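What follows is the content of data_31.txt, which has compact mmCIF, C-alpha atoms:
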# COMPACT_ATOMS: atom_id res chain seq x y z
CA MET Z 1 -38.89 -30.55 51.00
CA GLY Z 2 -36.05 -32.68 52.33
CA GLU Z 3 -33.81 -34.90 50.24
CA HIS Z 4 -35.29 -38.21 49.10
CA ARG Z 5 -34.06 -41.17 51.00
CA GLY Z 6 -30.96 -42.61 49.38
CA SER Z 7 -30.17 -39.51 47.29
CA ARG Z 8 -26.53 -38.49 47.07
CA ARG Z 9 -25.19 -35.42 48.87
CA ILE Z 10 -24.05 -32.61 46.56
CA PRO Z 11 -20.80 -31.16 47.93
CA LYS Z 12 -20.33 -27.47 48.44
CA PRO Z 13 -18.47 -25.88 45.47
CA ALA Z 14 -14.75 -25.52 46.05
CA HIS Z 15 -13.24 -22.07 46.48
CA PRO Z 16 -11.87 -20.89 43.11
CA ARG Z 17 -8.38 -20.21 44.55
CA GLU Z 18 -8.00 -21.15 48.21
CA ARG Z 19 -7.51 -24.61 49.68
CA ARG Z 20 -7.85 -25.92 53.20
CA GLU Z 21 -4.74 -28.00 52.71
CA PRO Z 22 -1.81 -26.77 50.59
CA LEU Z 23 -0.63 -28.91 47.70
CA PRO Z 24 2.82 -30.52 47.99
CA TRP Z 25 4.52 -28.08 45.62
CA GLN Z 26 3.33 -25.08 47.57
CA ARG Z 27 5.99 -25.69 50.19
CA PRO Z 28 9.66 -25.54 49.16
CA LYS Z 29 11.94 -28.32 50.26
CA SER Z 30 13.33 -27.35 53.63
CA GLY Z 31 16.90 -27.09 54.75
CA GLU Z 32 16.16 -29.63 57.44
CA GLU Z 33 15.52 -32.21 54.74
CA ASP Z 34 18.53 -31.15 52.67
CA PRO Z 35 20.86 -28.32 53.76
CA GLU Z 36 21.67 -27.48 50.11
CA ALA Z 37 18.02 -27.34 48.99
CA PRO Z 38 17.30 -23.62 49.75
CA GLN Z 39 20.40 -22.45 47.86
CA ARG Z 40 19.66 -24.72 44.94
CA LEU Z 41 16.08 -23.46 44.78
CA ALA Z 42 17.23 -19.84 44.92
CA GLN Z 43 19.50 -20.44 41.93
CA ILE Z 44 16.63 -21.93 39.95
CA LEU Z 45 14.23 -19.08 40.76
CA ALA Z 46 16.86 -16.45 39.92
CA ASN Z 47 17.74 -18.00 36.57
CA PRO Z 48 16.27 -15.96 33.65
CA ASN Z 49 15.23 -19.17 31.90
CA TYR Z 50 12.66 -19.75 34.66
CA ARG Z 51 10.81 -16.54 33.81
CA GLN Z 52 7.40 -16.92 32.22
CA ALA Z 53 7.90 -16.32 28.51
CA ASP Z 54 5.57 -13.31 28.20
CA GLN Z 55 7.32 -11.66 31.18
CA ASP Z 56 10.86 -12.36 30.03
CA VAL Z 57 11.95 -9.14 28.33
CA ASP Z 58 15.41 -10.48 27.50
CA PHE Z 59 13.88 -13.48 25.75
CA LEU Z 60 11.40 -11.30 23.84
CA HIS Z 61 14.28 -9.13 22.57
CA ARG Z 62 16.21 -12.00 21.00
CA ASP Z 63 16.66 -11.92 17.23
CA ASP Z 64 14.73 -15.17 16.82
CA THR Z 65 11.65 -13.84 18.65
CA ARG Z 66 11.31 -10.83 16.33
CA SER Z 67 8.13 -12.25 14.80
CA VAL Z 68 6.49 -12.21 18.25
CA ARG Z 69 7.48 -8.56 18.77
CA LEU Z 70 6.15 -7.62 15.35
CA GLU Z 71 2.82 -9.21 16.15
CA LEU Z 72 2.59 -7.49 19.54
CA ASP Z 73 3.54 -4.14 17.97
CA TYR Z 74 0.60 -4.53 15.60
CA TRP Z 75 -2.02 -5.97 17.90
CA LYS Z 76 -1.77 -3.68 20.92
CA ALA Z 77 -2.62 -0.55 18.95
CA GLU Z 78 -5.12 -2.34 16.72
CA LEU Z 79 -7.21 -3.81 19.53
CA LEU Z 80 -7.28 -0.56 21.48
CA LEU Z 81 -8.24 1.48 18.40
CA GLN Z 82 -11.08 -0.97 17.79
CA GLN Z 83 -12.12 -0.70 21.43
CA HIS Z 84 -12.35 3.09 21.09
CA ARG Z 85 -14.31 2.80 17.82
CA ILE Z 86 -11.73 4.69 15.78
CA SER Z 87 -12.87 3.99 12.24
CA GLY Z 88 -11.15 6.69 10.19
CA SER Z 89 -8.35 9.21 10.41
CA VAL Z 90 -6.87 12.34 8.94
CA VAL Z 91 -3.11 11.77 9.17
CA VAL Z 92 -1.11 14.95 9.77
CA LEU Z 93 2.61 14.96 8.96
CA GLY Z 94 5.10 17.78 9.42
CA SER Z 95 8.29 19.00 10.98
CA THR Z 96 9.06 18.65 14.67
CA ARG Z 97 11.09 21.87 14.23
CA LEU Z 98 8.15 24.17 13.51
CA PRO Z 99 7.03 25.52 16.90
CA GLU Z 100 4.21 27.92 17.59
CA PRO Z 101 4.98 31.44 16.34
CA VAL Z 102 5.80 33.01 19.71
CA GLN Z 103 8.40 30.34 20.38
CA ALA Z 104 9.83 30.69 16.86
CA ARG Z 105 10.26 34.43 17.37
CA HIS Z 106 11.97 33.82 20.71
CA ARG Z 107 14.43 31.37 19.13
CA LEU Z 108 15.16 33.83 16.32
CA GLN Z 109 15.97 36.52 18.88
CA GLU Z 110 18.32 34.13 20.67
CA ALA Z 111 20.07 33.23 17.39
CA ARG Z 112 20.53 36.88 16.48
CA ALA Z 113 21.89 37.70 19.95
CA ALA Z 114 24.40 34.86 19.74
CA SER Z 115 25.51 35.99 16.28
CA ALA Z 116 25.85 39.60 17.45
CA ARG Z 117 28.32 38.46 20.12
CA ASP Z 118 30.45 36.77 17.46
CA PRO Z 119 29.64 38.51 14.14
CA GLY Z 120 32.30 36.73 12.12
CA ASN Z 121 31.08 33.23 12.97
CA ALA Z 122 29.68 31.67 9.76
CA GLU Z 123 27.90 28.88 11.64
CA LEU Z 124 26.02 31.38 13.81
CA LEU Z 125 25.04 33.38 10.72
CA GLN Z 126 23.67 30.21 9.17
CA ARG Z 127 21.66 29.54 12.33
CA VAL Z 128 20.15 33.01 12.10
CA ALA Z 129 19.17 32.40 8.47
CA ALA Z 130 17.57 29.08 9.37
CA ALA Z 131 15.77 30.65 12.35
CA VAL Z 132 14.34 33.31 10.02
CA ARG Z 133 12.96 30.61 7.73
CA ILE Z 134 11.54 28.67 10.68
CA GLU Z 135 9.88 31.82 12.00
CA GLU Z 136 8.31 32.42 8.59
CA LYS Z 137 6.96 28.87 8.44
CA SER Z 138 5.78 28.82 12.06
CA ARG Z 139 2.43 30.15 10.81
CA TYR Z 140 1.74 26.56 9.77
CA TYR Z 141 1.58 25.60 13.45
CA ASP Z 142 -1.62 27.66 13.65
CA VAL Z 143 -2.91 26.13 10.41
CA ALA Z 144 -2.34 22.60 11.74
CA ARG Z 145 -3.98 23.51 15.03
CA GLU Z 146 -7.05 24.86 13.26
CA LEU Z 147 -7.19 21.74 11.09
CA GLY Z 148 -7.17 19.64 14.27
CA ARG Z 149 -10.14 21.66 15.53
CA LEU Z 150 -12.09 21.17 12.30
CA VAL Z 151 -11.49 17.41 12.19
CA GLY Z 152 -12.18 17.09 15.90
CA GLN Z 153 -15.49 18.97 15.71
CA ALA Z 154 -16.69 16.86 12.80
CA GLY Z 155 -15.29 13.51 13.89
CA GLU Z 156 -17.78 12.66 16.62
CA ARG Z 157 -20.69 13.08 14.17
CA ARG Z 158 -19.50 10.22 12.00
CA GLY Z 159 -22.06 7.45 11.93
CA ASP Z 160 -19.82 4.37 11.92
CA GLY Z 161 -17.31 5.41 14.55
CA ARG Z 162 -14.91 8.23 15.32
CA LEU Z 163 -12.95 10.13 12.70
CA VAL Z 164 -9.83 11.43 14.43
CA VAL Z 165 -6.58 13.26 13.84
CA VAL Z 166 -3.58 10.92 13.83
CA THR Z 167 -0.02 12.19 14.15
CA GLY Z 168 3.39 10.77 14.91
CA GLY Z 169 2.97 12.03 18.45
CA GLY Z 170 5.91 14.44 18.50
CA PRO Z 171 6.31 18.21 18.83
CA GLY Z 172 5.94 20.92 16.17
CA ILE Z 173 3.27 20.36 13.54
CA MET Z 174 2.20 17.07 15.12
CA GLU Z 175 1.68 18.80 18.46
CA ALA Z 176 -0.35 21.52 16.77
CA ALA Z 177 -2.79 19.05 15.18
CA ASN Z 178 -3.30 17.08 18.40
CA ARG Z 179 -3.66 20.36 20.27
CA GLY Z 180 -6.38 21.60 17.94
CA ALA Z 181 -8.44 18.47 18.54
CA SER Z 182 -7.91 18.86 22.29
CA ASP Z 183 -9.08 22.50 22.05
CA VAL Z 184 -12.57 21.32 21.10
CA GLY Z 185 -12.66 18.35 23.48
CA ALA Z 186 -12.11 15.80 20.71
CA ARG Z 187 -10.02 12.68 20.90
CA SER Z 188 -6.85 12.31 18.82
CA VAL Z 189 -4.18 9.67 18.29
CA GLY Z 190 -0.40 9.78 18.57
CA LEU Z 191 1.78 7.01 17.13
CA ASN Z 192 5.11 7.46 18.85
CA ILE Z 193 8.28 5.45 18.23
CA THR Z 194 11.05 4.19 20.50
CA LEU Z 195 14.34 5.87 19.61
CA PRO Z 196 17.88 5.49 20.99
CA HIS Z 197 17.69 8.92 22.64
CA GLU Z 198 15.11 10.11 25.16
CA GLN Z 199 11.98 11.66 23.67
CA PHE Z 200 8.47 12.43 24.79
CA PRO Z 201 5.02 12.49 23.17
CA ASN Z 202 3.34 15.87 22.97
CA PRO Z 203 0.92 16.52 25.85
CA TYR Z 204 -2.22 17.05 23.72
CA ILE Z 205 -2.77 13.43 22.61
CA THR Z 206 -5.66 11.60 24.23
CA PRO Z 207 -3.88 9.49 26.90
CA ASP Z 208 -5.78 6.32 25.99
CA LEU Z 209 -4.78 6.77 22.34
CA CYS Z 210 -1.05 7.41 22.58
CA PHE Z 211 0.91 4.36 21.42
CA ARG Z 212 4.62 3.65 21.27
CA PHE Z 213 6.02 1.35 18.59
CA HIS Z 214 9.30 -0.49 18.36
CA TYR Z 215 9.20 -0.93 14.58
CA PHE Z 216 8.82 1.90 12.09
CA ALA Z 217 7.15 -0.57 9.70
CA LEU Z 218 4.29 -1.31 12.11
CA ARG Z 219 3.91 2.37 12.90
CA LYS Z 220 3.62 3.09 9.16
CA LEU Z 221 1.01 0.37 8.86
CA HIS Z 222 -1.13 1.98 11.55
CA PHE Z 223 -0.79 5.38 9.90
CA MET Z 224 -2.36 3.92 6.75
CA LEU Z 225 -4.89 1.36 8.01
CA ARG Z 226 -7.60 3.91 8.80
CA ALA Z 227 -6.30 6.87 6.80
CA GLN Z 228 -8.90 8.75 4.78
CA ALA Z 229 -6.64 11.70 4.08
CA VAL Z 230 -2.95 12.51 4.50
CA VAL Z 231 -1.93 16.12 5.09
CA ALA Z 232 1.78 16.94 4.83
CA PHE Z 233 3.07 20.23 6.19
CA PRO Z 234 6.65 21.40 5.56
CA GLY Z 235 9.03 18.88 7.07
CA GLY Z 236 12.23 16.93 6.75
CA TYR Z 237 13.29 13.32 6.36
CA GLY Z 238 10.50 11.89 8.54
CA THR Z 239 7.79 13.82 6.73
CA PHE Z 240 9.23 12.84 3.36
CA ASP Z 241 9.40 9.21 4.44
CA GLU Z 242 5.70 9.03 5.28
CA LEU Z 243 4.61 11.18 2.33
CA PHE Z 244 6.47 9.20 -0.32
CA GLU Z 245 5.38 5.92 1.25
CA THR Z 246 1.77 7.08 0.83
CA LEU Z 247 2.31 8.31 -2.73
CA THR Z 248 3.93 4.99 -3.67
CA LEU Z 249 1.10 2.94 -2.16
CA VAL Z 250 -1.50 4.97 -4.07
CA GLN Z 251 0.53 5.13 -7.30
CA THR Z 252 0.82 1.34 -7.36
CA ARG Z 253 -2.80 0.95 -6.14
CA LYS Z 254 -1.53 -1.17 -3.29
CA MET Z 255 -4.02 0.93 -1.37
CA ALA Z 256 -7.08 2.77 -2.60
CA PRO Z 257 -6.55 6.42 -3.58
CA LEU Z 258 -7.17 9.01 -0.87
CA PRO Z 259 -6.72 12.77 -0.57
CA ILE Z 260 -3.06 13.79 -0.21
CA ILE Z 261 -2.56 17.48 0.51
CA LEU Z 262 0.78 19.31 0.62
CA VAL Z 263 0.48 22.41 2.77
CA GLY Z 264 2.72 25.30 1.74
CA GLU Z 265 3.04 25.33 -2.04
CA GLU Z 266 6.18 27.50 -2.08
CA TYR Z 267 8.01 25.06 0.20
CA TRP Z 268 6.87 21.89 -1.52
CA ARG Z 269 7.54 23.07 -5.07
CA ARG Z 270 11.20 23.54 -4.12
CA ALA Z 271 11.49 20.46 -1.90
CA PHE Z 272 9.64 18.10 -4.26
CA ASP Z 273 9.74 18.98 -7.96
CA VAL Z 274 7.23 16.53 -9.37
CA ASP Z 275 7.14 18.34 -12.73
CA PHE Z 276 10.86 17.61 -13.09
CA LEU Z 277 10.18 13.91 -12.41
CA VAL Z 278 7.42 13.88 -15.03
CA SER Z 279 9.67 15.58 -17.58
CA GLU Z 280 12.43 13.07 -16.84
CA GLY Z 281 10.00 10.22 -17.40
CA THR Z 282 10.54 8.73 -13.95
CA VAL Z 283 6.89 9.17 -12.98
CA ASP Z 284 3.83 9.38 -15.21
CA ALA Z 285 1.87 12.59 -15.77
CA GLU Z 286 -1.18 11.07 -14.08
CA ASP Z 287 0.84 10.67 -10.88
CA ARG Z 288 1.01 14.46 -10.67
CA ASP Z 289 -2.68 14.38 -9.80
CA LEU Z 290 -2.26 12.16 -6.74
CA PHE Z 291 -1.94 15.27 -4.55
CA TRP Z 292 -2.68 18.97 -4.47
CA PHE Z 293 -1.52 22.08 -2.59
CA ALA Z 294 -3.31 24.09 0.09
CA GLU Z 295 -2.54 26.90 2.51
CA SER Z 296 -5.33 27.25 5.10
CA ALA Z 297 -7.09 24.80 7.39
CA GLU Z 298 -10.45 25.53 5.77
CA GLU Z 299 -9.00 24.90 2.31
CA ILE Z 300 -7.52 21.58 3.46
CA TRP Z 301 -10.67 20.36 5.18
CA ASN Z 302 -13.07 21.46 2.45
CA GLY Z 303 -10.84 19.84 -0.16
CA ILE Z 304 -10.87 16.55 1.75
CA LEU Z 305 -14.67 16.63 2.03
CA ARG Z 306 -15.10 17.49 -1.65
CA TRP Z 307 -12.70 14.74 -2.77
CA HIS Z 308 -14.66 12.14 -0.83
CA GLU Z 309 -17.97 13.43 -2.18
CA ASN Z 310 -16.62 13.11 -5.73
CA ASN Z 311 -15.31 9.64 -4.89
CA GLY Z 312 -18.69 8.46 -3.62
CA THR Z 313 -17.31 7.97 -0.11
CA PRO Z 314 -18.82 10.84 1.95
CA LEU Z 315 -16.46 11.28 4.87
CA LEU Z 316 -18.93 11.92 7.66
CA GLU Z 317 -21.62 9.41 6.74
CA ALA Z 318 -21.78 5.79 7.90
CA ARG Z 319 -20.86 3.33 5.21
In structure tokens, how does this file's structure come out?
Amino acid sequence: MGEHRGSRRIPKPAHPRERREPLPWQRPKSGEEDPEAPQRLAQILANPNYRQADQDVDFLHRDDTRSVRLELDYWKAELLLQQHRISGSVVVLGSTRLPEPVQARHRLQEARAASARDPGNAELLQRVAAAVRIEEKSRYYDVARELGRLVGQAGERRGDGRLVVVTGGGPGIMEAANRGASDVGARSVGLNITLPHEQFPNPYITPDLCFRFHYFALRKLHFMLRAQAVVAFPGGYGTFDELFETLTLVQTRKMAPLPIILVGEEYWRRAFDVDFLVSEGTVDAEDRDLFWFAESAEEIWNGILRWHENNGTPLLEAR
């Protein structure tokens, strides 16, 4: 049927971007109109203050825009973790200096060879002694790798989303845990940090789930937000930092209790003498029970499952 007589014509919808005629501001003022205009315009366009705010890196790095950077540091990882349905994590901490055993043996051989060429050098002798200790502890690389496999195999069966391994994204123990998850085709997370010197994430993190933070505080927050267990292998300052942060949060009940496992009882009893702290009265006896020791991947994983069963929060069931 044709249009009724006298009805108004409905115009064709405009193109969402293109125009038949350009708008006045789409053409710069020409040099014919003002010989100085092109140079003036170039100065305006080149000025950093003309950059769009969210594309102006210099502006975003000012001291007074720190709150914006903090928010971005939080939200990028949070939104992507939600998108990938990551609902829980087993956080694995440990030294970047504990390589896989074959590499540890190779480094020990190199240290001994260097010392043999200069037998009176005390520094080289100390390096040999340290390399011996590293080689002894390198067995924990295999333990962390097996733990990554166990968590990875179980994680996809979780009813309310994925349970994944989360590490700091670096080499050593962190690499081993991410690698174990990768061995069984499971996803895992790496929370890397920007440092003054060049550094790289380990290659076994799921590419979509490797994040780089500017602020240690926001990285720590993301370690804890989904944590349902924290497993600390032998490590140094960084491992201690994350471990004691977790113990403090649980001790003060700022966060709900969760399994905290220290792997390598001989190492941890020397590095962290909690019985001494209890005897000195600087922590309470009940705080001694915030963690326990383990040696094997099966012992760690079974302990985590049992703790959650006893807590009424079965780890692999939807809640």
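For the pair atom CA of Z:Gly88 and atom CA of Z:Val165, the interatomic distance is 8.8 Å.
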Pick from Z:Pro28, Z:Arg179, Z:Ile10, Z:Arg269 nearest to Z:Leu45, counting all atoms listed in the file: Z:Pro28
As AutoDock Vina command-line options, please report the centre and edge lengths, rounded to one decimal in Å, of the axis-aligned box that holds all listed atoms of stretch 87-102 of chain Z with 4 Å of padding on each of the six sides.
--center_x -0.9 --center_y 18.5 --center_z 14.3 --size_x 32.0 --size_y 37.0 --size_z 18.8
Using only C-alpha atoms, which residues sit within 12 Å of stretch 196-199 of chain Z once same-chain residues fewer than 6 positions away are excluded, as an MDAnalysis selection string? chainID Z and resid 96 169:171 212 214
Extract, using all atoms listed in the file, all DNA, RNA and protein residues at most 12 Å from stretch 75-82 of chain Z, discarding same-chain residues fewer than 5 positions from it, and format them as number ranges by chain. Z: 68-70, 87-89, 160-164, 166, 187-192, 206-214, 218-219, 221-223, 225-226
Distance of atom CA of Z:Thr313 from atom CA of Z:Glu156, expressed in Å to one decimal place: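 If I compute the distance from atom CA of Z:Glu156 to atom CA of Z:Thr313, I get 17.4 Å.
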Give me the residues within 12 Å of Z:Val283 as a count of residues only, counting all atoms listed in the file and dropping any in the same chain fewer than 4 places off. 15
Excluding same-chain residues fewer than 2 positions from stretch 295-303 of chain Z, what lies within 6 Å of it counting all atoms listed in the file, as an NGL selection string? :Z and (143 or 146-147 or 263-264 or 305-306)
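Relative to atom CA of Z:Pro259, atom CA of Z:His308 is found at 8.0 Å.
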Kindly extract all protein, DNA and RNA residues lying within 7 Å of the coordinates (5.6, 23.4, 4.9) given in the file, considering all atoms listed in the file, and supply them as number ranges by chain. Z: 137, 140, 233-235, 263-264, 267-268
Applying 8 Å and only C-alpha atoms, which residues near Z:Ile261 remain after dropping the ones on its own chain fewer than 6 positions away? List them as a list of chain:residue names. Z:Ala229, Z:Val230, Z:Val231, Z:Ala232, Z:Phe291, Z:Trp292, Z:Phe293, Z:Ala294, Z:Ile300
Z:Pro314, Z:Pro203, Z:Pro99, Z:Gly185: which is nearest Z:Ala144, counting all atoms listed in the file?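 Nearest candidate to Z:Ala144 out of Z:Pro314, Z:Pro203, Z:Pro99, Z:Gly185: Z:Pro99.
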Quick one: contact table of stretch 127-158 of chain Z to stretch 114-122 of chain Z, 12 Å max, nearest atom pair and distance in Å to one decimal per residue, counting all atoms listed in the file, chain and number order, as a Markdown table?
| residue | atom | partner | partner_atom | distance |
| --- | --- | --- | --- | --- |
| Z:Arg127 | CA | Z:Ser115 | CA | 8.5 |
| Z:Val128 | CA | Z:Ser115 | CA | 7.4 |
| Z:Ala129 | CA | Z:Ala122 | CA | 10.6 |
| Z:Ala131 | CA | Z:Ser115 | CA | 11.8 |
Atoms to include: C-alpha atoms. Write the selected residues as a PDB file, keeping the file's coordinate frame.
ATOM      1  CA  ARG Z 127      21.660  29.540  12.330  1.00  0.00           C
ATOM      2  CA  VAL Z 128      20.150  33.010  12.100  1.00  0.00           C
ATOM      3  CA  ALA Z 129      19.170  32.400   8.470  1.00  0.00           C
ATOM      4  CA  ALA Z 131      15.770  30.650  12.350  1.00  0.00           C
TER       5      ALA Z 131
END
